[in-house]
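Engineer: target.cif is reproduced below (mmCIF, C-alpha atoms).
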```
data_query
loop_
_atom_site.label_atom_id
_atom_site.label_comp_id
_atom_site.auth_asym_id
_atom_site.auth_seq_id
_atom_site.Cartn_x
_atom_site.Cartn_y
_atom_site.Cartn_z
CA MET A 315 227.16 76.47 96.60
CA GLN A 316 226.18 72.80 96.94
CA ILE A 317 224.31 71.79 100.06
CA LYS A 318 223.45 68.10 100.19
CA ILE A 319 220.66 66.46 102.13
CA GLU A 320 223.26 64.43 104.06
CA MET A 321 224.84 67.68 105.33
CA LEU A 322 221.52 68.93 106.65
CA ARG A 323 220.74 65.57 108.29
CA CYS A 324 224.18 65.62 109.95
CA PHE A 325 223.72 69.18 111.19
CA VAL A 326 220.25 68.50 112.64
CA ALA A 327 221.53 65.43 114.51
CA VAL A 328 224.46 67.38 116.01
CA ALA A 329 222.26 70.37 116.88
CA ARG A 330 219.70 68.18 118.63
CA THR A 331 222.17 65.98 120.56
CA GLY A 332 224.60 68.80 121.35
CA ASN A 333 227.76 66.85 120.49
CA LEU A 334 229.41 64.87 117.71
CA SER A 335 229.62 61.54 119.55
CA ASP A 336 225.90 61.18 120.26
CA ALA A 337 225.00 62.41 116.78
CA ALA A 338 227.39 59.87 115.26
CA GLU A 339 225.65 57.10 117.19
CA VAL A 340 222.22 58.28 115.99
CA LEU A 341 223.31 58.37 112.35
CA GLY A 342 225.55 55.33 112.42
CA ARG A 343 228.58 57.35 111.31
CA THR A 344 231.92 58.24 112.92
CA PRO A 345 232.39 61.57 114.74
CA SER A 346 235.20 62.52 112.34
CA ALA A 347 232.92 61.95 109.33
CA LEU A 348 230.26 64.22 110.87
CA SER A 349 232.85 66.86 111.72
CA MET A 350 234.05 66.91 108.11
CA MET A 351 230.50 67.15 106.80
CA LEU A 352 229.68 70.05 109.12
CA LYS A 353 232.82 71.82 108.00
CA GLN A 354 231.75 71.46 104.34
CA LEU A 355 228.31 72.86 105.16
CA GLU A 356 229.77 75.87 106.98
CA GLU A 357 232.19 76.50 104.12
CA ASN A 358 229.28 76.50 101.69
CA LEU A 359 227.37 78.97 103.88
CA GLY A 360 230.42 81.12 104.69
CA GLN A 361 229.52 81.30 108.38
CA SER A 362 229.67 79.15 111.51
CA LEU A 363 226.57 77.26 112.60
CA PHE A 364 227.71 76.98 116.24
CA GLU A 365 228.99 79.60 118.65
CA THR A 366 231.70 77.30 120.03
CA ASP A 367 233.58 74.18 118.96
CA ARG A 368 231.66 72.16 121.54
CA LYS A 369 228.60 72.23 119.25
CA ASN A 370 226.20 72.84 122.11
CA ARG A 371 225.13 76.42 121.24
CA LEU A 372 223.78 77.46 117.85
CA SER A 373 224.62 80.72 116.15
CA ALA A 374 221.85 82.88 114.71
CA LEU A 375 222.47 81.25 111.34
CA GLY A 376 222.47 77.82 112.99
CA SER A 377 219.05 78.41 114.56
CA PHE A 378 217.62 79.49 111.21
CA VAL A 379 219.18 76.54 109.34
CA LEU A 380 217.91 74.09 111.97
CA GLU A 381 214.32 75.32 111.58
CA GLN A 382 214.47 75.14 107.78
CA ALA A 383 216.37 71.85 107.64
CA GLU A 384 214.01 69.99 109.98
CA ARG A 385 211.01 71.04 107.94
CA GLU A 386 212.63 70.01 104.64
CA LEU A 387 213.94 66.73 106.03
CA TYR A 388 210.47 65.87 107.28
CA GLN A 389 209.02 66.50 103.81
CA PHE A 390 211.88 64.70 102.10
CA ASP A 391 211.61 61.63 104.31
CA GLY A 392 207.86 61.58 103.81
CA MET A 393 208.31 61.76 100.05
CA VAL A 394 210.84 58.92 100.11
CA GLN A 395 208.47 56.79 102.19
CA ASP A 396 205.62 57.51 99.77
CA ILE A 397 207.81 56.39 96.87
CA VAL A 398 208.82 53.21 98.68
CA ASN A 399 205.21 52.46 99.66
CA PHE A 400 204.06 52.96 96.07
CA ALA A 401 206.85 50.74 94.72
CA LYS A 402 205.99 48.01 97.25
CA ALA A 403 202.24 48.32 96.52
CA LYS A 404 201.59 49.62 100.04
CA SER A 405 199.93 52.77 98.74
CA GLY A 406 198.34 54.13 95.60
CA LYS A 407 194.94 53.81 93.98
CA VAL A 408 193.47 51.03 91.86
CA ARG A 409 190.40 51.62 89.69
CA LEU A 410 188.59 48.37 89.04
CA ALA A 411 185.41 47.45 87.17
CA ALA A 412 183.74 44.02 87.22
CA VAL A 413 180.60 42.47 85.82
CA PRO A 414 177.86 42.52 88.49
CA SER A 415 177.95 38.79 89.25
CA VAL A 416 181.68 38.99 90.04
CA ALA A 417 181.48 42.37 91.80
CA SER A 418 178.90 41.06 94.26
CA THR A 419 180.21 37.53 94.84
CA ILE A 420 183.98 37.30 94.42
CA MET A 421 185.24 40.84 94.93
CA PRO A 422 184.12 41.39 98.57
CA GLU A 423 186.35 38.53 99.74
CA VAL A 424 189.18 39.50 97.37
CA ILE A 425 189.18 43.11 98.57
CA ALA A 426 189.02 42.04 102.23
CA ARG A 427 192.07 39.83 101.69
CA PHE A 428 193.93 42.55 99.77
CA LEU A 429 193.26 45.34 102.26
CA SER A 430 194.31 43.17 105.17
CA MET A 431 197.79 43.17 103.62
CA ARG A 432 197.75 46.67 102.11
CA PRO A 433 195.37 48.84 104.15
CA ASP A 434 196.64 52.13 102.67
CA VAL A 435 195.82 51.28 99.05
CA HIS A 436 192.66 53.00 97.82
CA ILE A 437 190.35 50.85 95.68
CA GLU A 438 187.56 52.16 93.48
CA LEU A 439 185.21 49.37 92.37
CA ARG A 440 182.41 49.74 89.86
CA ASP A 441 180.08 47.12 88.39
CA MET A 442 179.09 47.31 84.73
CA ASP A 443 178.61 45.08 81.72
CA SER A 444 181.51 43.71 79.70
CA ALA A 445 181.18 46.15 76.80
CA SER A 446 181.27 49.12 79.17
CA ILE A 447 184.31 47.72 80.97
CA LEU A 448 186.22 47.42 77.69
CA ARG A 449 185.30 51.02 76.82
CA GLU A 450 186.46 52.27 80.22
CA LEU A 451 189.79 50.45 79.79
CA GLU A 452 190.25 51.98 76.36
CA LYS A 453 189.71 55.46 77.79
CA ASP A 454 192.09 54.80 80.74
CA ARG A 455 189.30 55.34 83.25
CA ILE A 456 190.03 52.04 85.00
CA ASP A 457 193.19 50.03 85.63
CA LEU A 458 191.73 46.52 85.69
CA GLY A 459 188.58 44.93 84.37
CA ILE A 460 186.90 41.63 85.13
CA ALA A 461 184.61 40.76 82.26
CA SER A 462 184.12 38.58 79.20
CA THR A 463 185.72 39.55 75.88
CA GLN A 464 183.63 37.02 73.94
CA GLY A 465 182.15 38.78 70.95
CA HIS A 466 184.48 41.78 71.37
CA ALA A 467 187.62 42.33 69.33
CA THR A 468 190.34 43.56 71.68
CA SER A 469 194.11 43.90 71.93
CA PHE A 470 194.05 43.97 75.73
CA HIS A 471 196.03 41.58 77.90
CA THR A 472 193.61 38.95 79.19
CA GLN A 473 193.82 36.00 81.53
CA THR A 474 190.93 33.63 82.09
CA LEU A 475 189.67 33.38 85.66
CA PHE A 476 186.91 30.82 85.20
CA SER A 477 184.22 29.56 82.83
CA ASP A 478 180.61 30.20 83.69
CA ARG A 479 177.79 28.05 82.24
CA PHE A 480 174.53 29.61 81.13
CA GLY A 481 171.18 28.47 82.41
CA ILE A 482 167.55 29.41 82.76
CA LEU A 483 166.29 31.39 85.71
CA CYS A 484 162.62 30.64 86.32
CA HIS A 485 160.12 30.90 89.14
CA ARG A 486 159.78 27.81 91.30
CA SER A 487 156.22 27.36 90.01
CA SER A 488 157.38 27.10 86.37
CA GLY A 489 156.52 23.93 84.48
CA LEU A 490 160.06 23.89 83.10
CA LEU A 491 161.23 22.33 86.35
CA GLN A 492 159.21 19.20 85.54
CA LYS A 493 161.09 18.64 82.28
CA GLY A 494 164.34 17.63 83.97
CA GLN A 495 166.90 16.19 81.56
CA GLY A 496 164.34 16.23 78.77
CA LEU A 497 164.27 20.03 78.58
CA ASN A 498 164.87 21.39 75.05
CA TRP A 499 164.85 24.73 73.26
CA GLU A 500 161.28 24.24 72.02
CA ASP A 501 160.09 24.02 75.63
CA LEU A 502 161.38 27.56 76.18
CA ARG A 503 159.14 28.89 73.42
CA GLU A 504 156.17 28.23 75.69
CA GLU A 505 157.50 30.76 78.19
CA ARG A 506 157.90 34.53 77.99
CA LEU A 507 161.63 35.19 77.61
CA ILE A 508 163.03 38.31 79.22
CA ALA A 509 166.03 39.04 77.01
CA ASN A 510 169.25 40.59 78.25
CA ASN A 511 172.64 41.53 76.82
CA LEU A 512 174.33 38.38 78.12
CA SER A 513 171.81 35.89 76.78
CA GLN A 514 171.52 37.73 73.47
CA SER A 515 175.23 37.08 72.83
CA ILE A 516 174.73 33.28 72.77
CA GLN A 517 175.50 32.24 69.21
CA VAL A 518 173.11 29.30 68.96
CA PRO A 519 170.35 29.50 66.27
CA ALA A 520 167.60 28.22 68.58
CA CYS A 521 168.57 30.76 71.23
CA GLN A 522 168.82 33.55 68.67
CA ARG A 523 165.29 32.77 67.46
CA LEU A 524 163.99 33.01 71.02
CA HIS A 525 165.57 36.42 71.39
CA ALA A 526 164.23 37.62 68.07
CA GLU A 527 160.71 36.87 69.34
CA ALA A 528 161.25 38.30 72.83
CA GLY A 529 159.02 41.26 73.54
CA LEU A 530 160.81 42.33 76.70
CA LYS A 531 164.49 43.13 77.28
CA VAL A 532 165.97 44.21 80.60
CA HIS A 533 169.59 45.32 81.05
CA ASN A 534 169.97 45.39 84.83
CA ILE A 535 170.44 42.00 86.52
CA THR A 536 168.73 43.09 89.73
CA SER A 537 165.67 44.09 87.70
CA LEU A 538 165.82 40.82 85.76
CA ILE A 539 165.75 38.79 88.95
CA ALA A 540 162.87 40.88 90.32
CA MET A 541 160.83 40.22 87.18
CA VAL A 542 161.45 36.49 87.30
CA ARG A 543 160.45 36.49 90.97
CA SER A 544 157.24 38.31 89.97
CA GLN A 545 156.56 35.53 87.40
CA ILE A 546 156.68 37.90 84.44
CA GLY A 547 158.83 35.45 82.53
CA ILE A 548 162.08 33.50 82.43
CA THR A 549 165.56 34.73 81.56
CA ILE A 550 168.91 33.22 80.63
CA LEU A 551 171.95 34.16 82.70
CA PRO A 552 175.32 32.70 83.76
CA ASP A 553 175.44 30.45 86.80
CA THR A 554 177.34 32.95 88.99
CA THR A 555 174.34 35.27 88.94
CA THR A 556 172.42 32.72 91.01
CA GLN A 557 174.66 33.68 93.93
CA MET A 558 172.99 37.10 93.78
CA LEU A 559 169.46 35.70 94.11
CA ASN A 560 169.03 35.70 97.89
CA THR A 561 165.68 33.98 97.39
CA ASP A 562 164.33 30.43 97.11
CA GLU A 563 161.60 31.53 94.72
CA ILE A 564 163.89 31.25 91.68
CA ASN A 565 165.54 28.15 90.26
CA PHE A 566 168.49 27.72 87.91
CA ILE A 567 168.21 25.10 85.16
CA PRO A 568 171.20 24.37 82.89
CA LEU A 569 170.54 25.07 79.23
CA PRO A 570 169.83 22.13 76.91
CA ASP A 571 173.33 22.65 75.51
CA THR A 572 175.50 22.64 78.63
CA SER A 573 178.59 23.62 76.60
CA ILE A 574 177.27 27.16 76.28
CA GLN A 575 179.47 29.15 78.63
CA ARG A 576 181.09 32.52 79.02
CA GLU A 577 184.70 33.03 80.02
CA ILE A 578 185.36 35.56 82.75
CA GLN A 579 188.76 37.20 82.34
CA ILE A 580 190.90 39.74 84.10
CA ILE A 581 191.74 42.42 81.57
CA ARG A 582 194.17 45.31 81.36
CA LYS A 583 195.90 47.35 78.70
CA SER A 584 198.86 45.59 77.10
CA GLU A 585 200.95 48.69 76.36
CA THR A 586 200.55 50.40 79.75
CA PRO A 587 202.44 48.82 82.66
CA PRO A 588 200.14 48.53 85.69
CA SER A 589 201.08 50.26 88.94
CA PRO A 590 202.56 48.08 91.69
CA ALA A 591 199.27 48.29 93.60
CA ALA A 592 197.29 47.21 90.51
CA GLN A 593 199.73 44.34 89.95
CA ALA A 594 199.30 43.23 93.55
CA LEU A 595 195.49 43.35 93.32
CA GLU A 596 195.56 41.41 90.05
CA GLN A 597 197.67 38.71 91.68
CA THR A 598 195.33 38.60 94.69
CA ILE A 599 192.36 38.05 92.36
CA LEU A 600 194.15 35.28 90.46
CA THR A 601 195.25 33.56 93.68
CA PHE A 602 191.76 33.79 95.21
CA VAL A 603 190.09 32.24 92.17
CA GLN A 604 192.71 29.48 92.00
CA ASP A 605 192.28 28.73 95.71
CA ASN A 606 188.50 28.45 95.34
CA LYS A 607 188.28 26.26 92.24
#
```
Represent the structure contained in this file as structure tokens.
Structural biologist:
Amino acid sequence: MQIKIEMLRCFVAVARTGNLSDAAEVLGRTPSALSMMLKQLEENLGQSLFETDRKNRLSALGSFVLEQAERELYQFDGMVQDIVNFAKAKSGKVRLAAVPSVASTIMPEVIARFLSMRPDVHIELRDMDSASILRELEKDRIDLGIASTQGHATSFHTQTLFSDRFGILCHRSSGLLQKGQGLNWEDLREERLIANNLSQSIQVPACQRLHAEAGLKVHNITSLIAMVRSQIGITILPDTTTQMLNTDEINFIPLPDTSIQREIQIIRKSETPPSPAAQALEQTILTFVQDNK
């Protein structure tokens, strides 16, 4: 016995309209094609689905088949739509992690733009440092990462989004602001440096010496900013973090060597094809950054 989904769809249309002509119009087929399909279905079942040839009264078997067929067609059509939505990036889930400066500045606008086009896609966003993002990618706990791979050996697929210069975050009362263009590394030795993972990765001897002498290290950027605001010391962070300040008590001064920068990249596994939704989000991120350069 071979009952095809097309047979059930044909039968339901005829049963609901009560005749072959109206059912044919609903399905976009000819009445003779539907008649042949119904005949095949009844031959497979070994019984008639209708009490008369007029197709306006169901047999007991017909009533049972109609109930079962409508339920299965509803599930089948829903499944097909889910597959199509997933393939067209209209549904699915994307797990994303970004460094805090990007998560709080760029991603709100990116996600708003993305969800306006694909409201049924579920996005899970986490902020963490670059090393943690690379670990999460390796363990398949996220689909996309936005971080810096500088100082990390990786085989991931990467694409640079933008370069971000480093600078000094200091309180507005700091004497460093009076140095202007004459600021040098030795001037920083007169201040208490609050070290952090980002600044510690700068491979410049003068900067490395400052970090070796630092008596305080803070990992969380929000805490770093709070300490600078409280005049505990200065810290060195990328320029994008200044967009998180929300205060006029802190100033950003470019480092003496303005070539010291970090590259922010979008990262994903090379050997694992991203889902359509993840591909669409990646493209939205790339387009947004390009549009705002």
Engineer: Any idea what's packed within 12 Å of A:Gln382, counting all atoms listed in the file, ignoring anything in its chain fewer than 6 positions away? Could you give it as a PyMOL selection string?
Structural biologist: chain A and resi 322-323+325-326+375-376+388-389
Engineer: Hey, which bits of stretch 441-500 of chain A sit within 7 Å of stretch 580-591 of chain A, and for each residue what's the closest pair of atoms and how far apart in Å (one decimal), counting all atoms listed in the file, rows by chain and increasing number, as JSON lines?
Structural biologist:
```
{"residue": "A:Leu451", "atom": "CA", "partner": "A:Arg582", "partner_atom": "CA", "distance": 6.9}
{"residue": "A:Asp457", "atom": "CA", "partner": "A:Arg582", "partner_atom": "CA", "distance": 6.4}
{"residue": "A:Leu458", "atom": "CA", "partner": "A:Arg582", "partner_atom": "CA", "distance": 5.1}
{"residue": "A:Gly459", "atom": "CA", "partner": "A:Ile581", "partner_atom": "CA", "distance": 4.9}
{"residue": "A:Ile460", "atom": "CA", "partner": "A:Ile580", "partner_atom": "CA", "distance": 4.5}
{"residue": "A:Ala461", "atom": "CA", "partner": "A:Ile580", "partner_atom": "CA", "distance": 6.6}
{"residue": "A:Phe470", "atom": "CA", "partner": "A:Lys583", "partner_atom": "CA", "distance": 4.9}
{"residue": "A:His471", "atom": "CA", "partner": "A:Ser584", "partner_atom": "CA", "distance": 5.0}
{"residue": "A:Thr472", "atom": "CA", "partner": "A:Ile581", "partner_atom": "CA", "distance": 4.6}
{"residue": "A:Gln473", "atom": "CA", "partner": "A:Ile580", "partner_atom": "CA", "distance": 5.4}
{"residue": "A:Thr474", "atom": "CA", "partner": "A:Ile580", "partner_atom": "CA", "distance": 6.4}
{"residue": "A:Leu475", "atom": "CA", "partner": "A:Ile580", "partner_atom": "CA", "distance": 6.7}
```
Engineer: Store the residues of this selection in a file with C-alpha atoms, as a PDB file, in the frame of the given file.
Structural biologist:
```
ATOM      1  CA  LEU A 451     189.790  50.450  79.790  1.00  0.00           C
ATOM      2  CA  ASP A 457     193.190  50.030  85.630  1.00  0.00           C
ATOM      3  CA  LEU A 458     191.730  46.520  85.690  1.00  0.00           C
ATOM      4  CA  GLY A 459     188.580  44.930  84.370  1.00  0.00           C
ATOM      5  CA  ILE A 460     186.900  41.630  85.130  1.00  0.00           C
ATOM      6  CA  ALA A 461     184.610  40.760  82.260  1.00  0.00           C
ATOM      7  CA  PHE A 470     194.050  43.970  75.730  1.00  0.00           C
ATOM      8  CA  HIS A 471     196.030  41.580  77.900  1.00  0.00           C
ATOM      9  CA  THR A 472     193.610  38.950  79.190  1.00  0.00           C
ATOM     10  CA  GLN A 473     193.820  36.000  81.530  1.00  0.00           C
ATOM     11  CA  THR A 474     190.930  33.630  82.090  1.00  0.00           C
ATOM     12  CA  LEU A 475     189.670  33.380  85.660  1.00  0.00           C
TER      13      LEU A 475
END
```
Engineer: One number please: atom CA of A:Gln575 to atom CA of A:Met558, in Å, one decimal.
Structural biologist: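 Atom CA of A:Met558 lies at a distance of 18.3 Å from atom CA of A:Gln575.
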Engineer: Would you list the residues near (188.3, 38.4, 100.7), meaning any protein, DNA or RNA residue with an atom at most 12 Å from that point in file coordinates, counting all atoms listed in the file, as a ChimeraX atom specification?
Structural biologist: /A:417-431,595,598-599,601-603,605-606
Engineer: Would you mind reading off the distance between atom CA of A:Ala509 and atom CA of A:Ile482, one decimal, in Å?
Structural biologist: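 Value for the atom CA of A:Ala509-atom CA of A:Ile482 distance: 11.3 Å.
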Engineer: The residues within 8 Å of (225.5, 62.1, 109.5), using all atoms listed in the file and the coordinates of the file, should be reported as a VMD selection string; which are they?
Structural biologist: chain A and resid 320 to 321 323 to 325 327 337 to 338 341 to 343 347 to 348 351
Engineer: With distances taken over all atoms listed in the file, which of A:Pro552, A:Gly392, A:Gly406, A:Gly529 is nearest to A:Thr572?
Structural biologist: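 For A:Thr572, the nearest of the given residues is A:Pro552.
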Engineer: How many Å lie between atom CA of A:Leu502 and atom CA of A:Asp571, rounded to one decimal?
Structural biologist: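 Going from atom CA of A:Leu502 over to atom CA of A:Asp571, I get 12.9 Å.
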Engineer: Evaluate the PyMOL selection byres ((chain A and resi 436) around 10) here and jot the selected residues down as a ChimeraX atom specification.
Structural biologist: /A:404-409,429,432-435,437-439,591
Engineer: Residues at most 10 Å from A:Asn498, counting all atoms listed in the file, excluding those fewer than 4 positions away in the same chain, as a tab-separated table (two decimals) with C-alpha atoms, in the frame of the given file?
Structural biologist:
```
chain	number	residue	atom	x	y	z
A	490	LEU	CA	160.06	23.89	83.10
A	493	LYS	CA	161.09	18.64	82.28
A	494	GLY	CA	164.34	17.63	83.97
A	502	LEU	CA	161.38	27.56	76.18
A	503	ARG	CA	159.14	28.89	73.42
A	520	ALA	CA	167.60	28.22	68.58
A	569	LEU	CA	170.54	25.07	79.23
A	570	PRO	CA	169.83	22.13	76.91
A	571	ASP	CA	173.33	22.65	75.51
```
Engineer: Selected by the PyMOL selection byres ((chain A and resi 446) around 12) in the shown coordinates: which residues, as number ranges by chain?
Structural biologist: A: 411-414, 440-445, 447-453, 455-456, 459-463, 466, 511
Engineer: With the file shown as input, list the residues that the PyMOL selection byres ((chain A and resi 531) around 7) selects, as a list in words.
Structural biologist: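 Taken over the shown coordinates, the PyMOL selection byres ((chain A and resi 531) around 7) returns Ile508, Ala509, Asn510, Gly529, Leu530, Val532 and His533 of chain A.
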Engineer: Rank A:Val340, A:Met541, A:Ala329, A:Leu559 by their smallest atom-to-atom distance to A:Glu365, using all atoms listed in the file, and report the top residue only.
Structural biologist: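 Checking each of A:Val340, A:Met541, A:Ala329, A:Leu559 against A:Glu365, counting all atoms listed in the file, the winner is A:Ala329.
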Engineer: Any idea what's packed within 10 Å of A:Lys369, counting all atoms listed in the file, ignoring anything in its chain fewer than 5 positions away? Could you give it as a compact mmCIF listing (two decimals) with C-alpha atoms, in the frame of the given file?
Structural biologist:
```txt
# COMPACT_ATOMS: atom_id res chain seq x y z
CA PHE A 325 223.72 69.18 111.19
CA VAL A 328 224.46 67.38 116.01
CA ALA A 329 222.26 70.37 116.88
CA ARG A 330 219.70 68.18 118.63
CA THR A 331 222.17 65.98 120.56
CA GLY A 332 224.60 68.80 121.35
CA ASN A 333 227.76 66.85 120.49
CA LEU A 334 229.41 64.87 117.71
CA LEU A 363 226.57 77.26 112.60
CA PHE A 364 227.71 76.98 116.24
```
Engineer: Could stretch 526-535 of chain A be completed with all heavy atoms and returned as a CSV table (one decimal), in the coordinates of the input?
Structural biologist:
```
chain,number,residue,atom,x,y,z
A,526,ALA,N,164.9,36.8,69.1
A,526,ALA,CA,164.2,37.6,68.1
A,526,ALA,C,162.7,37.8,68.4
A,526,ALA,O,162.1,38.8,68.0
A,526,ALA,CB,164.4,36.9,66.7
A,527,GLU,N,162.1,36.8,69.0
A,527,GLU,CA,160.7,36.9,69.3
A,527,GLU,C,160.4,37.5,70.7
A,527,GLU,O,159.2,37.7,71.0
A,527,GLU,CB,160.2,35.4,69.3
A,527,GLU,CG,160.3,34.8,68.0
A,527,GLU,CD,160.0,33.3,68.0
A,527,GLU,OE1,159.7,32.8,69.1
A,527,GLU,OE2,160.1,32.6,67.0
A,528,ALA,N,161.5,37.8,71.5
A,528,ALA,CA,161.2,38.3,72.8
A,528,ALA,C,160.7,39.7,72.8
A,528,ALA,O,161.2,40.6,72.0
A,528,ALA,CB,162.6,38.3,73.6
A,529,GLY,N,159.6,39.9,73.5
A,529,GLY,CA,159.0,41.3,73.5
A,529,GLY,C,159.5,42.1,74.7
A,529,GLY,O,159.0,43.3,74.8
A,530,LEU,N,160.3,41.6,75.5
A,530,LEU,CA,160.8,42.3,76.7
A,530,LEU,C,162.3,42.1,76.9
A,530,LEU,O,162.8,41.0,76.8
A,530,LEU,CB,160.1,41.8,78.0
A,530,LEU,CG,160.5,42.4,79.3
A,530,LEU,CD1,160.3,43.9,79.3
A,530,LEU,CD2,159.7,41.7,80.4
A,531,LYS,N,163.0,43.2,77.0
A,531,LYS,CA,164.5,43.1,77.3
A,531,LYS,C,164.8,44.0,78.5
A,531,LYS,O,164.4,45.2,78.5
A,531,LYS,CB,165.3,43.6,76.0
A,531,LYS,CG,166.8,43.4,76.2
A,531,LYS,CD,167.5,43.7,74.9
A,531,LYS,CE,169.0,43.6,75.1
A,531,LYS,NZ,169.8,43.8,73.9
A,532,VAL,N,165.6,43.5,79.4
A,532,VAL,CA,166.0,44.2,80.6
A,532,VAL,C,167.5,44.1,80.7
A,532,VAL,O,168.1,43.1,80.6
A,532,VAL,CB,165.3,43.6,81.8
A,532,VAL,CG1,165.8,44.3,83.1
A,532,VAL,CG2,163.8,43.7,81.7
A,533,HIS,N,168.1,45.3,81.0
A,533,HIS,CA,169.6,45.3,81.0
A,533,HIS,C,170.1,45.1,82.4
A,533,HIS,O,171.2,44.5,82.6
A,533,HIS,CB,170.1,46.7,80.6
A,533,HIS,CG,169.7,47.0,79.1
A,533,HIS,ND1,170.5,46.5,78.1
A,533,HIS,CD2,168.7,47.6,78.5
A,533,HIS,CE1,170.0,46.9,76.9
A,533,HIS,NE2,168.9,47.5,77.2
A,534,ASN,N,169.5,45.5,83.5
A,534,ASN,CA,170.0,45.4,84.8
A,534,ASN,C,169.6,44.0,85.4
A,534,ASN,O,168.5,43.6,85.4
A,534,ASN,CB,169.4,46.5,85.7
A,534,ASN,CG,169.9,46.5,87.1
A,534,ASN,OD1,169.3,45.8,87.9
A,534,ASN,ND2,170.9,47.3,87.3
A,535,ILE,N,170.6,43.4,86.0
A,535,ILE,CA,170.4,42.0,86.5
A,535,ILE,C,169.5,42.0,87.7
A,535,ILE,O,168.7,41.1,87.9
A,535,ILE,CB,171.8,41.3,86.9
A,535,ILE,CG1,172.6,41.0,85.6
A,535,ILE,CG2,171.6,40.1,87.7
A,535,ILE,CD1,173.9,40.4,85.8
```
